[in-house]
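With mmCIF, C-alpha atoms inside, this is coords.cif:
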```
data_structure
#
loop_
_atom_site.label_atom_id
_atom_site.label_comp_id
_atom_site.auth_asym_id
_atom_site.auth_seq_id
_atom_site.Cartn_x
_atom_site.Cartn_y
_atom_site.Cartn_z
CA MET A 79 33.60 -19.50 -11.31
CA GLU A 80 30.66 -17.74 -9.68
CA PHE A 81 27.11 -18.61 -8.69
CA GLU A 82 24.09 -16.29 -8.79
CA VAL A 83 20.96 -16.93 -6.73
CA LEU A 84 19.68 -13.37 -6.24
CA GLY A 85 17.44 -13.85 -9.24
CA PRO A 86 17.45 -16.69 -11.78
CA ILE A 87 19.95 -19.36 -10.75
CA THR A 88 22.95 -18.87 -13.02
CA LEU A 89 26.51 -20.14 -13.31
CA VAL A 90 29.16 -17.62 -14.35
CA SER A 91 32.44 -18.76 -15.88
CA GLY A 92 34.76 -15.96 -16.86
CA ALA A 93 32.57 -13.37 -18.57
CA ARG A 94 30.05 -16.00 -19.67
CA ALA A 95 26.74 -16.54 -17.88
CA ILE A 96 25.47 -20.11 -18.09
CA PRO A 97 21.73 -20.50 -17.37
CA VAL A 98 20.80 -23.76 -15.66
CA PRO A 99 18.20 -25.57 -17.80
CA GLY A 100 15.47 -27.73 -16.30
CA ARG A 101 13.49 -27.02 -13.14
CA LEU A 102 14.74 -30.12 -11.28
CA ARG A 103 18.34 -29.25 -12.03
CA ARG A 104 17.81 -25.70 -10.81
CA ILE A 105 16.22 -27.00 -7.61
CA LEU A 106 19.12 -29.36 -7.05
CA LEU A 107 21.68 -26.61 -7.58
CA GLY A 108 19.69 -24.16 -5.46
CA VAL A 109 19.45 -26.50 -2.47
CA LEU A 110 23.16 -27.29 -2.69
CA LEU A 111 24.02 -23.57 -2.89
CA ALA A 112 21.76 -22.72 0.05
CA ASP A 113 23.95 -25.03 2.15
CA ALA A 114 27.18 -24.57 0.22
CA ASN A 115 30.29 -26.48 1.34
CA HIS A 116 28.21 -28.85 3.47
CA TYR A 117 26.91 -32.29 2.59
CA VAL A 118 23.17 -32.27 1.95
CA ARG A 119 21.53 -35.62 2.61
CA ALA A 120 20.12 -37.49 -0.36
CA ASP A 121 16.68 -37.73 1.24
CA VAL A 122 16.57 -33.94 1.65
CA LEU A 123 17.49 -33.48 -1.99
CA ALA A 124 14.94 -36.06 -3.11
CA GLU A 125 12.20 -34.41 -1.07
CA ALA A 126 13.03 -31.05 -2.65
CA LEU A 127 13.03 -32.50 -6.17
CA TRP A 128 9.83 -34.49 -5.88
CA ASP A 129 7.84 -32.37 -3.45
CA GLY A 130 8.04 -34.78 -0.55
CA ASP A 131 6.57 -37.68 -2.52
CA PRO A 132 9.44 -39.40 -4.35
CA ASP A 133 8.84 -42.87 -5.80
CA ARG A 134 10.90 -45.92 -4.95
CA ARG A 135 13.34 -45.08 -7.75
CA ALA A 136 14.13 -41.68 -6.19
CA VAL A 137 17.74 -42.57 -5.35
CA PRO A 138 18.83 -43.68 -8.83
CA LYS A 139 16.88 -40.77 -10.33
CA LEU A 140 18.69 -38.40 -7.94
CA HIS A 141 22.05 -39.86 -8.97
CA TRP A 142 21.15 -39.20 -12.62
CA HIS A 143 20.21 -35.56 -11.94
CA VAL A 144 23.42 -35.06 -9.96
CA HIS A 145 25.38 -36.51 -12.89
CA LYS A 146 23.66 -34.09 -15.30
CA LEU A 147 24.32 -31.14 -12.98
CA ARG A 148 27.98 -32.12 -12.57
CA SER A 149 28.30 -32.29 -16.36
CA ALA A 150 26.91 -28.75 -16.62
CA LEU A 151 29.47 -27.32 -14.19
CA PRO A 152 32.56 -25.77 -15.81
CA GLU A 153 34.51 -27.25 -12.88
CA ARG A 154 32.95 -30.67 -12.32
CA GLU A 155 35.17 -31.57 -9.39
CA ARG A 156 33.31 -29.09 -7.20
CA LEU A 157 30.35 -31.46 -6.76
CA HIS A 158 31.27 -34.21 -4.29
CA SER A 159 29.42 -37.25 -2.99
CA GLY A 160 29.79 -38.66 0.52
CA HIS A 161 28.20 -38.89 3.97
CA GLY A 162 24.95 -40.03 2.41
CA GLY A 163 24.56 -36.96 0.23
CA TYR A 164 26.25 -34.37 -1.93
CA ARG A 165 28.29 -31.22 -1.39
CA LEU A 166 28.99 -28.28 -3.71
CA VAL A 167 32.27 -26.51 -3.04
CA VAL A 168 31.97 -22.71 -3.28
CA GLY A 169 34.93 -20.42 -2.66
CA PRO A 170 34.87 -17.10 -0.76
CA GLY A 171 33.11 -14.43 -2.78
CA GLU A 172 31.87 -16.82 -5.46
CA LEU A 173 28.22 -16.75 -4.34
CA ASP A 174 26.35 -13.47 -4.91
CA ALA A 175 24.23 -13.95 -1.77
CA GLU A 176 27.43 -14.12 0.30
CA ARG A 177 28.81 -10.97 -1.35
CA PHE A 178 25.50 -9.24 -0.64
CA GLU A 179 25.74 -10.13 3.06
CA VAL A 180 29.36 -8.92 3.30
CA LEU A 181 28.49 -5.58 1.73
CA ALA A 182 25.46 -5.22 4.02
CA VAL A 183 27.62 -5.74 7.11
CA ARG A 184 30.23 -3.27 5.84
CA ALA A 185 27.51 -0.71 5.20
CA ALA A 186 26.11 -1.13 8.73
CA GLU A 187 29.58 -0.45 10.14
CA GLU A 188 30.29 2.57 7.89
CA PRO A 189 29.70 5.89 9.73
CA ARG A 190 30.00 8.14 6.65
CA PRO A 191 26.64 8.48 4.86
CA ALA A 192 28.06 8.84 1.34
CA GLU A 193 30.27 5.79 1.66
CA ARG A 194 27.45 3.86 3.32
CA THR A 195 25.17 4.74 0.42
CA ALA A 196 27.73 3.47 -2.10
CA LEU A 197 28.10 0.15 -0.28
CA ILE A 198 24.35 -0.36 -0.07
CA ARG A 199 23.84 0.45 -3.74
CA GLU A 200 26.58 -2.03 -4.64
CA ALA A 201 24.85 -4.71 -2.55
CA LEU A 202 21.42 -4.02 -4.03
CA GLY A 203 22.93 -4.04 -7.52
CA LEU A 204 23.60 -7.77 -7.12
CA TRP A 205 19.86 -8.47 -7.25
CA HIS A 206 18.21 -9.47 -10.52
CA GLY A 207 14.85 -10.82 -9.34
CA THR A 208 13.35 -13.17 -6.78
CA PRO A 209 16.01 -15.19 -4.90
CA TYR A 210 16.58 -18.69 -6.29
CA GLY A 211 14.56 -17.82 -9.38
CA GLY A 212 11.28 -17.97 -7.47
CA LEU A 213 11.47 -21.75 -7.08
CA ASP A 214 8.55 -22.87 -4.94
CA VAL A 215 10.45 -25.38 -2.82
CA PRO A 216 9.79 -25.67 0.94
CA VAL A 217 13.44 -26.36 1.78
CA LEU A 218 14.40 -23.02 0.17
CA ALA A 219 11.47 -21.00 1.55
CA ASP A 220 13.14 -19.79 4.74
CA GLU A 221 16.29 -18.69 2.90
CA VAL A 222 14.24 -16.84 0.27
CA LEU A 223 12.29 -15.03 3.01
CA ARG A 224 15.46 -14.18 4.92
CA LEU A 225 17.19 -12.71 1.87
CA THR A 226 14.07 -10.80 0.83
CA GLU A 227 13.72 -9.27 4.29
CA ARG A 228 17.43 -8.44 4.36
CA ARG A 229 17.05 -6.60 1.06
CA LEU A 230 14.08 -4.57 2.34
CA VAL A 231 15.98 -3.58 5.47
CA LEU A 232 18.90 -2.49 3.30
CA ILE A 233 16.58 -0.40 1.12
CA GLU A 234 15.36 1.34 4.27
CA GLN A 235 18.96 1.92 5.36
CA LEU A 236 19.76 3.33 1.93
CA HIS A 237 17.06 5.99 2.26
CA GLN A 238 18.19 6.79 5.78
CA ALA A 239 21.70 7.35 4.44
CA GLU A 240 20.30 9.59 1.70
CA LEU A 241 18.43 11.64 4.31
CA ASP A 242 21.61 11.87 6.38
CA GLN A 243 23.17 13.55 3.34
CA GLY A 244 20.36 16.10 3.14
CA ARG A 245 18.74 14.59 0.04
CA HIS A 246 15.23 15.07 1.39
CA ALA A 247 13.43 16.09 -1.79
CA ALA A 248 15.27 13.51 -3.92
CA VAL A 249 13.96 10.50 -2.01
CA VAL A 250 10.31 11.48 -1.50
CA ALA A 251 8.97 10.00 -4.74
CA GLU A 252 10.82 6.71 -4.30
CA LEU A 253 9.73 6.41 -0.66
CA ALA A 254 6.12 7.09 -1.64
CA GLY A 255 6.34 4.25 -4.16
CA LEU A 256 7.85 1.91 -1.59
CA VAL A 257 5.09 2.74 0.91
CA ARG A 258 2.49 1.82 -1.69
CA ARG A 259 4.30 -1.44 -2.42
CA TYR A 260 5.00 -2.38 1.23
CA PRO A 261 2.22 -0.63 3.18
CA LEU A 262 2.77 -2.55 6.43
CA ARG A 263 6.43 -1.56 6.90
CA GLU A 264 6.38 1.19 9.53
CA ARG A 265 9.94 2.26 8.87
CA LEU A 266 9.12 3.19 5.28
CA HIS A 267 6.19 5.31 6.51
CA TYR A 268 8.52 6.92 9.04
CA LEU A 269 11.15 7.73 6.43
CA LEU A 270 8.55 9.21 4.08
CA MET A 271 7.15 11.41 6.86
CA LEU A 272 10.65 12.48 7.82
CA ALA A 273 11.68 13.30 4.24
CA LEU A 274 8.56 15.39 3.70
CA SER A 275 8.98 17.21 7.00
CA LEU A 276 12.66 17.97 6.41
CA ASP A 277 11.74 19.25 2.95
CA GLY A 278 9.31 21.74 4.50
CA ARG A 279 6.18 19.84 3.42
CA ARG A 280 4.57 19.66 6.86
CA ALA A 281 0.99 19.13 5.70
CA GLU A 282 2.01 16.29 3.40
CA ALA A 283 4.01 14.68 6.21
CA LEU A 284 0.95 14.71 8.46
CA ASP A 285 -1.16 13.34 5.63
CA ALA A 286 1.40 10.53 5.23
CA TYR A 287 0.95 9.71 8.93
CA ARG A 288 -2.82 9.54 8.53
CA GLY A 289 -2.35 7.21 5.56
CA ALA A 290 -0.01 4.99 7.58
CA ARG A 291 -2.44 4.84 10.50
CA ARG A 292 -5.35 4.05 8.21
CA VAL A 293 -3.66 1.06 6.56
CA LEU A 294 -2.24 -0.33 9.83
CA VAL A 295 -5.59 -0.14 11.61
CA ARG A 296 -7.51 -1.51 8.65
CA GLN A 297 -5.20 -4.42 7.83
CA LEU A 298 -3.70 -5.30 11.22
CA GLY A 299 -6.06 -3.79 13.76
CA LEU A 300 -3.08 -1.97 15.27
CA GLU A 301 -2.25 1.65 15.92
CA PRO A 302 1.12 2.93 14.65
CA GLY A 303 4.13 2.29 16.86
CA ARG A 304 5.64 4.84 19.21
CA ALA A 305 8.24 6.12 16.76
CA LEU A 306 5.60 7.08 14.19
CA ARG A 307 3.38 8.66 16.84
CA ASP A 308 6.29 10.62 18.30
CA LEU A 309 7.30 11.87 14.86
CA GLU A 310 3.74 13.01 14.18
CA SER A 311 3.71 14.83 17.52
CA ARG A 312 7.00 16.62 16.74
CA ILE A 313 5.70 17.68 13.33
CA LEU A 314 2.43 18.94 14.84
CA THR A 315 4.27 21.03 17.44
CA ASP A 316 7.04 22.14 15.06
CA GLY A 317 9.51 20.27 17.26
CA PRO A 318 12.98 19.20 16.12
CA VAL A 319 12.95 16.60 13.34
CA VAL A 320 16.50 15.74 12.51
CA ARG A 321 17.28 12.24 11.34
CA ALA A 322 15.98 8.77 10.58
CA ALA A 323 18.24 6.78 12.87
CA THR A 324 15.68 6.85 15.67
CA GLY A 325 12.89 5.51 13.46
CA PRO A 326 11.09 2.22 13.92
CA SER A 327 12.96 -1.02 13.53
CA GLY A 328 11.86 -4.62 13.65
CA GLY A 329 11.48 -4.29 17.40
CA ASP A 330 9.24 -1.22 17.34
CA GLN A 331 5.86 -2.00 18.88
CA MET A 332 2.52 -1.08 17.38
CA THR A 333 -0.40 -0.51 19.73
CA ARG A 334 -3.42 -2.79 19.52
CA ARG A 335 -6.53 -0.81 18.80
#
```

Turn this file's structure into structure tokens for me.
Amino acid sequence: MEFEVLGPITLVSGARAIPVPGRLRRILLGVLLADANHYVRADVLAEALWDGDPDRRAVPKLHWHVHKLRSALPERERLHSGHGGYRLVVGPGELDAERFEVLAVRAAEEPRPAERTALIREALGLWHGTPYGGLDVPVLADEVLRLTERRLVLIEQLHQAELDQGRHAAVVAELAGLVRRYPLRERLHYLLMLALSLDGRRAEALDAYRGARRVLVRQLGLEPGRALRDLESRILTDGPVVRAATGPSGGDQMTRR
């Protein structure tokens, strides 16, 4: 049995995917999966189900929804009650978000670009949409943001690995699309500039820098970080431009204008 949360919440039994009907049931399953193998207090579940304003019959209503969810599980014994709440038992590798994290760690530790690329593509292939089906539930918000950010970082690492294999021209179009979609991510701007420069398109690389600076100043009031500025300087002076590993990360600092 498997559980999918990197998109619509789905149960998988054998080769059969079982969608989870009903928004409240999906919320209940999602909250239990976000804290799999731990007891989640009944009041936390009730708050998630009824948006922090449950009525006085919340507890019996919660018991009913748990009963319906347990009935929908191919293996009903996985859903336990105790310690003032409920726990969903999930085995190693049964949750797609966990498999995604394992592959991401393996990719980060893999020194060979081709093998690293394969691991990252396998991890990204687990995604089928917005985590937890886009459920707008405060208790899931942090986990959705964390997974979404993790995916974006992995996409950046994928393009770095492609550049490390000399696939400069092949990644330009995709990087340009990503920059348009996520204009405030400096690392994507850096990778696009680097790909263009390594492909011999110096003028376009400098134009990409000007575009990055324009959007950062306009939307954040900040100058590009040091990595972007240094890359622009190397391109301007025809200095060595070799790889993406030294590009901006989450800790790279932009300069206030």

Practice task
Check what the PyMOL selection byres ((chain A and resi 186) around 12) selects in the file above and give those residues as an MDAnalysis selection string.
Solution key: chainID A and resid 179:185 187:191 193:198 201 231:232 234:236 238:239 323

Could you turn the residues from that selection into a file that holds C-alpha atoms, as a compact mmCIF listing (two decimals), in the frame of the given file?
```
# COMPACT_ATOMS: atom_id res chain seq x y z
CA GLU A 179 25.74 -10.13 3.06
CA VAL A 180 29.36 -8.92 3.30
CA LEU A 181 28.49 -5.58 1.73
CA ALA A 182 25.46 -5.22 4.02
CA VAL A 183 27.62 -5.74 7.11
CA ARG A 184 30.23 -3.27 5.84
CA ALA A 185 27.51 -0.71 5.20
CA GLU A 187 29.58 -0.45 10.14
CA GLU A 188 30.29 2.57 7.89
CA PRO A 189 29.70 5.89 9.73
CA ARG A 190 30.00 8.14 6.65
CA PRO A 191 26.64 8.48 4.86
CA GLU A 193 30.27 5.79 1.66
CA ARG A 194 27.45 3.86 3.32
CA THR A 195 25.17 4.74 0.42
CA ALA A 196 27.73 3.47 -2.10
CA LEU A 197 28.10 0.15 -0.28
CA ILE A 198 24.35 -0.36 -0.07
CA ALA A 201 24.85 -4.71 -2.55
CA VAL A 231 15.98 -3.58 5.47
CA LEU A 232 18.90 -2.49 3.30
CA GLU A 234 15.36 1.34 4.27
CA GLN A 235 18.96 1.92 5.36
CA LEU A 236 19.76 3.33 1.93
CA GLN A 238 18.19 6.79 5.78
CA ALA A 239 21.70 7.35 4.44
CA ALA A 323 18.24 6.78 12.87
```

Exercise for the section: Please evaluate the PyMOL selection byres ((chain A and resi 175) around 10) against the structure above and give the resulting residues as a list in words. Expected result: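 With the PyMOL selection byres ((chain A and resi 175) around 10) on this model, the match is Phe81, Glu82, Val83, Leu84, Leu111, Ala112, Gly171, Glu172, Leu173, Asp174, Glu176, Arg177, Phe178, Glu179, Val180, Ala201, Leu204, Trp205, Pro209 and Leu225 of chain A.
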
Mind giving me the axis-aligned box for range 267-281 of chain A with 6 Å on every side, centre plus edges in Å to one decimal, as AutoDock Vina command-line options?
```
--center_x 6.8 --center_y 13.5 --center_z 6.0 --size_x 23.7 --size_y 28.4 --size_z 18.1
```

Handout entry: Answer as a VMD selection string, residues within 10 Å of (24.5, -34.5, -11.1) using only C-alpha atoms
Key = chain A and resid 103 106 to 107 139 to 151 154 157 to 159 164

Exercise for the section: Any chance you could resolve the PyMOL selection byres ((chain A and resi 259-269) around 9) against this file and give the residues as a VMD selection string? Expected result: chain A and resid 234 237 to 238 241 250 253 to 258 270 to 274 286 to 287 289 to 290 293 to 294 297 to 298 302 to 303 305 to 306 309 322 325 to 328 330

Handout entry: Interatomic distance (Å, one decimal) between CA of Ala120 in chain A and CA of Val90 in chain A
Key = 25.9 Å

Problem - Residue among A:Asp129, A:Glu153, A:Asp121, A:Asp242 lying closest to Glu80 in chain A, counting all atoms listed in the file - result: A:Glu153

Fill in the blank from the handout: Atom pair CA of Ile96 in chain A + CA of Val122 in chain A, distance 25.7 Å

Practice task
Go through A:Thr315, A:Leu276, A:Ala281, A:Gly85 one by one, measure the shortest atom-to-atom distance of each to Arg245 in chain A using only C-alpha atoms, and give the residue with the smallest value.
Solution key: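 The answer is A:Leu276, which sits nearest to Arg245 in chain A.
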
Problem - Atom pair CA of Ala114 in chain A / CA of Ala136 in chain A: separation (Å) - result: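 These two atoms are separated by 22.5 Å.
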
Show me, as a JSON list (two decimals) with C-alpha atoms, in the coordinates of the input, the residues that have an atom within 7 Å of Val98 in chain A when counting all atoms listed in the file, minus same-chain residues fewer than 5 positions from it.
```json
[["chain", "number", "residue", "atom", "x", "y", "z"],
["A", 87, "ILE", "CA", 19.95, -19.36, -10.75],
["A", 88, "THR", "CA", 22.95, -18.87, -13.02],
["A", 104, "ARG", "CA", 17.81, -25.70, -10.81]]
```
